[in-house]
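Participant: As input, take structure_34.txt (compact mmCIF, C-alpha atoms):
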```txt
# COMPACT_ATOMS: atom_id res chain seq x y z
CA MET N 1 -67.41 32.66 15.72
CA SER N 2 -67.72 31.14 12.22
CA THR N 3 -70.89 29.51 11.08
CA VAL N 4 -69.11 27.32 8.45
CA PRO N 5 -69.13 23.68 9.56
CA LEU N 6 -65.88 21.63 9.46
CA ARG N 7 -65.28 19.30 6.52
CA ARG N 8 -65.34 15.79 7.90
CA GLY N 9 -63.71 12.73 6.28
CA LEU N 10 -63.38 9.02 6.86
CA PRO N 11 -62.98 7.67 10.39
CA ARG N 12 -59.41 7.15 11.62
CA VAL N 13 -60.38 3.84 13.25
CA ALA N 14 -62.48 1.13 11.61
CA GLY N 15 -66.07 1.45 12.84
CA GLY N 16 -65.40 4.83 14.48
CA GLU N 17 -66.83 8.29 13.97
CA PRO N 18 -65.89 10.47 11.03
CA TRP N 19 -62.89 12.67 11.65
CA PRO N 20 -62.56 15.49 12.69
CA ALA N 21 -65.24 15.94 15.28
CA GLU N 22 -68.27 18.07 14.58
CA GLY N 23 -67.68 21.79 14.76
CA PHE N 24 -67.25 25.01 12.84
CA ALA N 25 -64.28 26.30 10.95
CA PRO N 26 -62.36 29.22 12.54
CA GLU N 27 -63.09 32.74 11.25
CA SER N 28 -60.79 33.90 8.46
CA GLU N 29 -61.60 37.59 8.91
CA THR N 30 -62.76 39.77 11.79
CA ALA N 31 -65.96 41.62 11.72
CA ALA N 32 -65.96 45.19 10.38
CA SER N 33 -66.96 46.49 13.78
CA GLY N 34 -63.93 45.05 15.48
CA THR N 35 -61.30 46.80 17.60
CA PRO N 36 -58.57 49.02 16.07
CA GLU N 37 -55.89 46.51 17.06
CA SER N 38 -57.57 43.78 15.16
CA SER N 39 -58.05 46.08 12.21
CA GLU N 40 -54.36 46.88 12.16
CA ILE N 41 -53.43 43.21 12.41
CA SER N 42 -55.82 42.31 9.64
CA ALA N 43 -54.51 45.14 7.50
CA SER N 44 -50.88 44.23 8.03
CA SER N 45 -51.39 40.48 7.51
CA PRO N 46 -53.97 39.72 4.86
CA ALA N 47 -56.22 36.75 5.43
CA PRO N 48 -55.43 33.52 3.56
CA ARG N 49 -57.27 33.11 0.35
CA THR N 50 -59.25 30.04 -0.52
CA PRO N 51 -58.62 28.80 -4.08
CA ALA N 52 -61.56 29.43 -6.25
CA SER N 53 -61.32 25.95 -7.73
CA ALA N 54 -61.73 24.21 -4.35
CA PRO N 55 -65.44 23.85 -3.70
CA VAL N 56 -66.64 23.91 -0.19
CA ILE N 57 -68.57 20.80 0.73
CA GLU N 58 -70.97 21.08 3.56
CA ALA N 59 -71.00 18.02 5.73
CA LYS N 60 -74.31 16.96 7.11
CA GLU N 61 -74.45 15.84 10.64
CA ASP N 62 -76.54 12.79 9.90
CA VAL N 63 -74.13 11.34 7.29
CA VAL N 64 -71.61 8.79 8.69
CA PHE N 65 -69.02 7.10 6.46
CA ASP N 66 -68.14 3.56 7.32
CA ALA N 67 -65.04 2.66 5.32
CA THR N 68 -65.09 -0.98 6.39
CA ALA N 69 -68.66 -1.46 5.31
CA ASP N 70 -68.00 0.21 1.96
CA VAL N 71 -65.03 -2.01 1.27
CA ALA N 72 -66.94 -5.15 2.26
CA GLN N 73 -69.90 -4.11 0.12
CA SER N 74 -67.63 -3.52 -2.87
CA VAL N 75 -65.99 -6.93 -2.44
CA VAL N 76 -69.36 -8.69 -2.18
CA SER N 77 -70.94 -6.83 -5.07
CA ALA N 78 -67.94 -7.32 -7.35
CA PRO N 79 -68.21 -10.45 -9.51
CA ALA N 80 -65.81 -13.20 -8.58
CA GLN N 81 -63.17 -13.23 -11.25
CA VAL N 82 -60.79 -16.12 -10.60
CA PRO N 83 -57.98 -16.23 -13.13
CA ALA N 84 -57.64 -19.50 -14.95
CA VAL N 85 -54.58 -21.28 -13.65
CA ARG N 86 -52.98 -23.73 -16.05
CA GLU N 87 -51.13 -26.54 -14.39
CA THR N 88 -47.64 -26.61 -15.77
CA LYS N 89 -44.85 -28.97 -14.89
CA PRO N 90 -41.56 -27.48 -13.85
CA GLU N 91 -39.08 -27.24 -16.66
CA SER N 92 -36.43 -28.97 -14.58
CA ALA N 93 -38.70 -32.02 -14.11
CA THR N 94 -39.34 -32.20 -17.84
CA VAL N 95 -35.65 -31.97 -18.55
CA LYS N 96 -34.89 -34.71 -16.01
CA LYS N 97 -37.59 -36.93 -17.48
CA ASN N 98 -36.29 -36.48 -21.01
CA ALA N 99 -32.62 -36.76 -20.01
CA PRO N 100 -32.42 -40.62 -20.07
CA SER N 101 -34.05 -40.85 -23.48
CA ALA N 102 -31.79 -38.13 -24.84
CA ALA N 103 -28.72 -39.84 -23.42
CA LYS N 104 -29.88 -43.18 -24.85
CA GLU N 105 -30.42 -41.64 -28.29
CA LYS N 106 -27.02 -39.99 -28.13
CA ARG N 107 -25.35 -43.26 -27.10
CA THR N 108 -27.16 -45.14 -29.87
CA SER N 109 -26.12 -42.60 -32.49
CA THR N 110 -22.54 -42.75 -31.22
CA GLU N 111 -22.51 -46.55 -31.43
CA ASP N 112 -24.00 -46.43 -34.92
CA SER N 113 -21.40 -43.94 -36.09
CA ALA N 114 -18.62 -46.04 -34.53
CA LEU N 115 -19.98 -49.16 -36.25
CA VAL N 116 -20.11 -47.32 -39.57
CA ARG N 117 -16.52 -46.17 -39.11
CA TRP N 118 -15.39 -49.72 -38.32
CA VAL N 119 -17.23 -51.12 -41.33
CA LYS N 120 -15.67 -48.53 -43.61
CA ARG N 121 -12.24 -49.16 -42.12
CA GLY N 122 -12.65 -52.93 -42.50
CA ALA N 123 -13.77 -52.54 -46.09
CA LEU N 124 -10.76 -50.35 -46.85
CA TRP N 125 -8.41 -52.85 -45.19
CA ALA N 126 -9.96 -55.76 -47.09
CA LEU N 127 -9.66 -53.87 -50.36
CA GLY N 128 -6.03 -53.01 -49.55
CA VAL N 129 -5.20 -56.63 -48.72
CA VAL N 130 -6.76 -57.85 -51.97
CA LEU N 131 -4.86 -55.27 -54.01
CA ALA N 132 -1.59 -56.05 -52.20
CA ALA N 133 -2.06 -59.80 -52.73
CA ALA N 134 -2.78 -59.25 -56.42
CA MET N 135 0.35 -57.13 -56.81
CA ILE N 136 2.48 -59.76 -55.02
CA VAL N 137 1.13 -62.55 -57.21
CA LEU N 138 1.78 -60.55 -60.37
CA ALA N 139 5.29 -59.66 -59.17
CA ALA N 140 6.08 -63.31 -58.33
CA ARG N 141 4.85 -64.46 -61.72
CA GLY N 142 7.04 -61.81 -63.31
CA VAL N 143 10.07 -63.05 -61.34
CA THR N 144 9.52 -66.63 -62.51
CA THR N 145 9.81 -65.44 -66.14
CA LEU N 146 13.24 -63.87 -65.65
CA PRO N 147 16.23 -65.60 -67.26
CA GLY N 148 17.62 -68.47 -65.15
CA VAL N 149 14.68 -68.60 -62.72
CA PRO N 150 12.81 -71.47 -64.47
CA GLU N 151 16.02 -73.54 -64.49
CA PHE N 152 16.58 -72.76 -60.78
CA MET N 153 13.08 -73.92 -59.88
CA GLU N 154 13.50 -77.07 -61.94
CA ARG N 155 16.76 -77.94 -60.18
CA PHE N 156 15.31 -77.23 -56.73
CA PRO N 157 11.66 -78.27 -56.86
CA GLY N 158 11.04 -77.33 -53.19
CA ASP N 159 12.13 -80.42 -51.25
CA TYR N 160 15.06 -82.79 -50.95
CA PRO N 161 15.18 -86.52 -50.06
CA LEU N 162 15.44 -87.39 -46.37
CA PRO N 163 17.71 -90.04 -44.87
CA GLU N 164 16.54 -93.60 -45.42
CA SER N 165 16.23 -94.19 -41.68
CA VAL N 166 13.30 -91.81 -41.44
CA GLU N 167 9.98 -93.66 -41.34
CA SER N 168 7.06 -92.34 -43.34
CA GLY N 169 3.75 -91.39 -41.80
CA PHE N 170 2.87 -90.07 -38.35
CA PRO N 171 3.00 -92.25 -35.22
CA ALA N 172 0.15 -92.19 -32.71
CA TRP N 173 2.07 -90.12 -30.15
CA ALA N 174 2.67 -87.39 -32.78
CA ARG N 175 -1.03 -87.24 -33.66
CA TRP N 176 -2.15 -87.06 -30.03
CA THR N 177 0.37 -84.43 -29.03
CA HIS N 178 -0.63 -82.34 -32.06
CA PHE N 179 -4.31 -82.58 -31.04
CA LEU N 180 -3.60 -81.65 -27.42
CA ASN N 181 -1.38 -78.80 -28.57
CA PHE N 182 -4.16 -77.14 -30.59
CA PHE N 183 -6.80 -77.92 -27.94
CA LEU N 184 -4.79 -76.42 -25.09
CA MET N 185 -3.78 -73.38 -27.15
CA ALA N 186 -7.44 -72.61 -27.87
CA LEU N 187 -8.27 -72.81 -24.16
CA ILE N 188 -5.22 -70.71 -23.27
CA ILE N 189 -6.33 -67.95 -25.63
CA ARG N 190 -9.87 -68.04 -24.27
CA THR N 191 -8.85 -67.92 -20.60
CA GLY N 192 -6.26 -65.26 -21.36
CA LEU N 193 -9.00 -63.02 -22.77
CA GLN N 194 -11.12 -63.70 -19.67
CA VAL N 195 -8.26 -62.68 -17.38
CA ARG N 196 -7.70 -59.49 -19.35
CA GLN N 197 -11.37 -58.48 -19.54
CA GLN N 198 -12.63 -59.60 -16.13
CA GLN N 199 -13.96 -56.91 -13.79
CA LYS N 200 -14.70 -59.07 -10.76
CA PRO N 201 -13.71 -62.75 -10.86
CA PRO N 202 -16.33 -65.26 -9.66
CA ALA N 203 -13.91 -66.81 -7.15
CA PHE N 204 -10.34 -66.74 -5.89
CA TRP N 205 -7.77 -69.47 -5.35
CA THR N 206 -5.21 -69.54 -2.54
CA PRO N 207 -2.39 -72.09 -2.33
CA ILE N 208 -2.69 -74.60 0.52
CA ARG N 209 0.80 -73.80 1.74
CA GLY N 210 0.08 -70.11 1.63
CA GLY N 211 0.92 -67.53 -0.96
CA LYS N 212 -0.66 -64.87 -3.11
CA LYS N 213 -4.40 -65.13 -3.72
CA ILE N 214 -5.27 -65.09 -7.43
CA SER N 215 -8.53 -65.16 -9.36
CA ILE N 216 -9.96 -68.48 -10.49
CA ASN N 217 -9.68 -67.41 -14.14
CA LEU N 218 -5.97 -66.70 -13.77
CA TRP N 219 -5.52 -70.01 -11.94
CA LEU N 220 -7.22 -71.86 -14.83
CA HIS N 221 -5.12 -69.99 -17.39
CA THR N 222 -1.91 -70.85 -15.56
CA SER N 223 -2.93 -74.50 -15.17
CA LEU N 224 -3.56 -74.78 -18.92
CA ASP N 225 -0.15 -73.24 -19.55
CA VAL N 226 1.46 -75.91 -17.40
CA LEU N 227 -0.38 -78.68 -19.26
CA TRP N 228 0.70 -77.16 -22.60
CA LEU N 229 4.32 -77.15 -21.44
CA ILE N 230 4.10 -80.77 -20.32
CA ASN N 231 2.63 -81.76 -23.68
CA GLY N 232 5.46 -79.95 -25.48
CA VAL N 233 8.13 -81.65 -23.40
CA VAL N 234 6.61 -85.07 -24.16
CA PHE N 235 6.53 -84.26 -27.87
CA VAL N 236 10.18 -83.16 -28.01
CA VAL N 237 11.40 -86.16 -26.03
CA LEU N 238 9.54 -88.66 -28.23
CA LEU N 239 10.69 -86.72 -31.30
CA PHE N 240 14.34 -87.45 -30.60
CA VAL N 241 13.77 -90.96 -29.20
CA SER N 242 11.96 -92.15 -32.32
CA GLY N 243 14.18 -90.36 -34.86
CA HIS N 244 11.15 -88.45 -36.13
CA TRP N 245 13.08 -85.19 -35.57
CA MET N 246 14.74 -85.51 -39.02
CA ARG N 247 11.38 -84.77 -40.62
CA ILE N 248 11.24 -81.26 -39.12
CA VAL N 249 14.92 -80.48 -38.61
CA PRO N 250 17.00 -79.72 -41.78
CA THR N 251 19.69 -82.31 -42.48
CA SER N 252 21.15 -80.69 -45.63
CA TRP N 253 22.02 -77.20 -46.85
CA GLU N 254 19.81 -77.88 -49.86
CA VAL N 255 16.97 -76.83 -47.60
CA LEU N 256 17.68 -73.13 -48.32
CA PRO N 257 17.36 -73.05 -52.16
CA ASN N 258 14.48 -75.48 -52.01
CA ALA N 259 12.72 -73.26 -49.46
CA LEU N 260 13.17 -70.26 -51.82
CA SER N 261 11.76 -72.26 -54.70
CA ALA N 262 8.77 -73.37 -52.60
CA ALA N 263 8.11 -69.74 -51.57
CA LEU N 264 8.03 -68.63 -55.23
CA GLN N 265 5.61 -71.42 -56.02
CA TYR N 266 3.32 -70.37 -53.18
CA LEU N 267 3.41 -66.71 -54.29
CA THR N 268 2.49 -67.58 -57.86
CA LEU N 269 -0.45 -69.65 -56.56
CA GLU N 270 1.08 -72.75 -58.19
CA TRP N 271 1.72 -74.58 -54.95
CA PRO N 272 4.39 -77.27 -54.69
CA THR N 273 3.31 -80.90 -54.62
CA GLU N 274 2.20 -81.90 -51.12
CA ASN N 275 3.73 -85.12 -49.87
CA GLY N 276 3.60 -84.63 -46.10
CA TRP N 277 3.08 -88.32 -45.39
CA VAL N 278 6.64 -88.95 -46.62
CA HIS N 279 8.35 -85.61 -45.96
CA TYR N 280 7.60 -81.89 -45.77
CA ASN N 281 8.83 -79.42 -48.36
CA SER N 282 11.83 -77.32 -47.34
CA LEU N 283 9.81 -74.21 -46.42
CA GLN N 284 7.52 -76.23 -44.17
CA GLN N 285 10.52 -77.94 -42.57
CA LEU N 286 12.14 -74.61 -41.69
CA MET N 287 8.87 -73.25 -40.26
CA TYR N 288 8.28 -76.35 -38.12
CA ALA N 289 11.84 -76.22 -36.78
CA LEU N 290 11.45 -72.54 -35.85
CA VAL N 291 8.10 -73.12 -34.12
CA VAL N 292 9.17 -76.15 -32.10
CA PHE N 293 12.69 -75.15 -31.13
CA VAL N 294 12.58 -71.34 -31.12
CA ALA N 295 9.05 -69.90 -30.82
CA ALA N 296 7.71 -72.39 -28.27
CA PRO N 297 10.65 -72.02 -25.81
CA LEU N 298 10.42 -68.22 -26.07
CA ALA N 299 6.69 -68.38 -25.34
CA ALA N 300 7.33 -70.60 -22.31
CA ILE N 301 10.09 -68.35 -20.94
CA THR N 302 8.12 -65.11 -21.36
CA GLY N 303 5.01 -66.77 -19.93
CA MET N 304 6.88 -67.87 -16.81
CA ARG N 305 8.34 -64.39 -16.46
CA MET N 306 4.85 -62.82 -16.51
CA SER N 307 3.11 -65.52 -14.48
CA GLU N 308 1.82 -64.91 -10.96
```
In structure tokens, how does this file's structure come out?
Facilitator:
Amino acid sequence: MSTVPLRRGLPRVAGGEPWPAEGFAPESETAASGTPESSEISASSPAPRTPASAPVIEAKEDVVFDATADVAQSVVSAPAQVPAVRETKPESATVKKNAPSAAKEKRTSTEDSALVRWVKRGALWALGVVLAAAMIVLAARGVTTLPGVPEFMERFPGDYPLPESVESGFPAWARWTHFLNFFLMALIIRTGLQVRQQQKPPAFWTPIRGGKKISINLWLHTSLDVLWLINGVVFVVLLFVSGHWMRIVPTSWEVLPNALSAALQYLTLEWPTENGWVHYNSLQQLMYALVVFVAAPLAAITGMRMSE
């Protein structure tokens, strides 16, 4: 039997005995005085060699390794090194917090660039209008210097005498209907813009006898249209009853050359003599006739076609 004690290590269970149990290592070789059979076996199969580099450590019986105690002692004796933790906000929260300000800055820059574009465009349009007006005035002045044009303008100064039955001045009904016409047209334009731009009307109107429900803004716009039509009908009726129609309706073919002469005078910035209290010039007479008897009926017909 070998006298070399076993090499013992750490316990297999926390708080247990070192493993393996106490004992001696098995013999690697038989004694020289052994039996012939053992000698033959040992000769045929050589004993395992122990590496020279592996030292043999003799375990003492009174030494017990407690792995748990060692680990606990190392943890206690080691200085507490707590890594410094820096509180950082999540990147997503920072992005969300900065998103409204970034969107506001982007919207502001977009509005500023749009305003700059509109200002530049308006300045270009204004400059173009001024240049076009200057060219028209110069062209009209050049036309008036052509041969025969001064004589034409002298023969047709821009107006012709009206029939003697036409009274001068403006009667009260003409002044009031003109005032109501402009007043109602301003309100019609305003309410029309409200109807077009409204998102949610403040109220709705439903006919008493039943029918389609419409917004209060559209109802006001339509009511003003009806009042404007009534005012126009009153004006036309009184126009023919009083004979005042001859002031705005041409009564002679001389209205055409006189209208051309008046247009040349306007274009050259040498306006014809204004004498509206007695009669309009021929260009004004044609424009009034077109507005009262052509443009206004067309506006009424198309408005009724589009009305609710």
Participant: Got a sec: who's within 10 Å of Val255 of chain N, counting only C-alpha atoms, leaving out chain neighbours fewer than 3 positions off, as a list in words?
Facilitator: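 Returned residues: Phe156, Gly158, Asp159, Tyr160, Val249, Pro250, Thr251, Ser252, Asn258, Ala259, Leu260, Ser261, Asn281, Ser282, Leu283, Gln285 and Leu286 of chain N.
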Participant: For a cut-off of 12 Å around (0.3, -75.7, -22.3), file coordinates, pick out all residues using all atoms listed in the file and list them as a PDB file with C-alpha atoms, keeping the file's coordinate frame.
Facilitator:
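Below is the file selection.pdb, written as the result:
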```pdb
ATOM      1  CA  THR N 177       0.370 -84.430 -29.030  1.00  0.00           C
ATOM      2  CA  HIS N 178      -0.630 -82.340 -32.060  1.00  0.00           C
ATOM      3  CA  LEU N 180      -3.600 -81.650 -27.420  1.00  0.00           C
ATOM      4  CA  ASN N 181      -1.380 -78.800 -28.570  1.00  0.00           C
ATOM      5  CA  PHE N 182      -4.160 -77.140 -30.590  1.00  0.00           C
ATOM      6  CA  PHE N 183      -6.800 -77.920 -27.940  1.00  0.00           C
ATOM      7  CA  LEU N 184      -4.790 -76.420 -25.090  1.00  0.00           C
ATOM      8  CA  MET N 185      -3.780 -73.380 -27.150  1.00  0.00           C
ATOM      9  CA  ALA N 186      -7.440 -72.610 -27.870  1.00  0.00           C
ATOM     10  CA  LEU N 187      -8.270 -72.810 -24.160  1.00  0.00           C
ATOM     11  CA  ILE N 188      -5.220 -70.710 -23.270  1.00  0.00           C
ATOM     12  CA  ILE N 189      -6.330 -67.950 -25.630  1.00  0.00           C
ATOM     13  CA  LEU N 220      -7.220 -71.860 -14.830  1.00  0.00           C
ATOM     14  CA  HIS N 221      -5.120 -69.990 -17.390  1.00  0.00           C
ATOM     15  CA  THR N 222      -1.910 -70.850 -15.560  1.00  0.00           C
ATOM     16  CA  SER N 223      -2.930 -74.500 -15.170  1.00  0.00           C
ATOM     17  CA  LEU N 224      -3.560 -74.780 -18.920  1.00  0.00           C
ATOM     18  CA  ASP N 225      -0.150 -73.240 -19.550  1.00  0.00           C
ATOM     19  CA  VAL N 226       1.460 -75.910 -17.400  1.00  0.00           C
ATOM     20  CA  LEU N 227      -0.380 -78.680 -19.260  1.00  0.00           C
ATOM     21  CA  TRP N 228       0.700 -77.160 -22.600  1.00  0.00           C
ATOM     22  CA  LEU N 229       4.320 -77.150 -21.440  1.00  0.00           C
ATOM     23  CA  ILE N 230       4.100 -80.770 -20.320  1.00  0.00           C
ATOM     24  CA  ASN N 231       2.630 -81.760 -23.680  1.00  0.00           C
ATOM     25  CA  GLY N 232       5.460 -79.950 -25.480  1.00  0.00           C
ATOM     26  CA  VAL N 233       8.130 -81.650 -23.400  1.00  0.00           C
ATOM     27  CA  VAL N 234       6.610 -85.070 -24.160  1.00  0.00           C
ATOM     28  CA  PHE N 235       6.530 -84.260 -27.870  1.00  0.00           C
ATOM     29  CA  ALA N 296       7.710 -72.390 -28.270  1.00  0.00           C
ATOM     30  CA  PRO N 297      10.650 -72.020 -25.810  1.00  0.00           C
ATOM     31  CA  ALA N 299       6.690 -68.380 -25.340  1.00  0.00           C
ATOM     32  CA  ALA N 300       7.330 -70.600 -22.310  1.00  0.00           C
ATOM     33  CA  GLY N 303       5.010 -66.770 -19.930  1.00  0.00           C
ATOM     34  CA  MET N 304       6.880 -67.870 -16.810  1.00  0.00           C
TER      35      MET N 304
END
```
Participant: Report as a VMD selection string all protein, DNA and RNA residues lying within 12 Å of Gln198 of chain N, evaluated on all atoms listed in the file, omitting residues in the same chain fewer than 3 positions from it.
Facilitator: chain N and resid 191 to 195 201 to 203 215 to 218
Participant: Any chance you can output those residues with C-alpha atoms as a compact mmCIF listing (two decimals), in the coordinates of the input?
Facilitator:
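Heads up, here's the output in selection_20.txt:
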```
# COMPACT_ATOMS: atom_id res chain seq x y z
CA THR N 191 -8.85 -67.92 -20.60
CA GLY N 192 -6.26 -65.26 -21.36
CA LEU N 193 -9.00 -63.02 -22.77
CA GLN N 194 -11.12 -63.70 -19.67
CA VAL N 195 -8.26 -62.68 -17.38
CA PRO N 201 -13.71 -62.75 -10.86
CA PRO N 202 -16.33 -65.26 -9.66
CA ALA N 203 -13.91 -66.81 -7.15
CA SER N 215 -8.53 -65.16 -9.36
CA ILE N 216 -9.96 -68.48 -10.49
CA ASN N 217 -9.68 -67.41 -14.14
CA LEU N 218 -5.97 -66.70 -13.77
```
Participant: Just give me the gap between atom CA of Tyr288 of chain N and atom CA of Ser168 of chain N in Å, one decimal is fine.
Facilitator: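 These atoms are spaced 16.9 Å apart.
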Participant: From (-69.2, 18.6, 16.8), in the file's coordinates, out to 9 Å: which residues are reached, counting all atoms listed in the file? Answer as an MDAnalysis selection string.
Facilitator: chainID N and resid 5:6 20:24 61
Participant: Between atom CA of His279 of chain N and atom CA of Pro163 of chain N, measure the distance and give it in Å to one decimal.
Facilitator: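 Spanning atom CA of His279 of chain N to atom CA of Pro163 of chain N is a straight-line distance of 10.4 Å.
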Participant: Quick one: pull the distance between atom CA of Gln265 of chain N and atom CA of Val292 of chain N, Å, one decimal.
Facilitator: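 The value is 24.6 Å.
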Participant: Which residue, N:Lys106, N:Arg7, N:His244, N:Arg305, has the smallest gap to Glu167 of chain N when you use only C-alpha atoms?
Facilitator: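 Closest candidate: N:His244.
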Participant: Counting all atoms listed in the file, which residue out of N:Ile248, N:Thr302, N:Trp219, N:Trp253 sits closest to Ala289 of chain N?
Facilitator: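 When distances to Ala289 of chain N are compared using all atoms listed in the file, the smallest one comes from N:Ile248.
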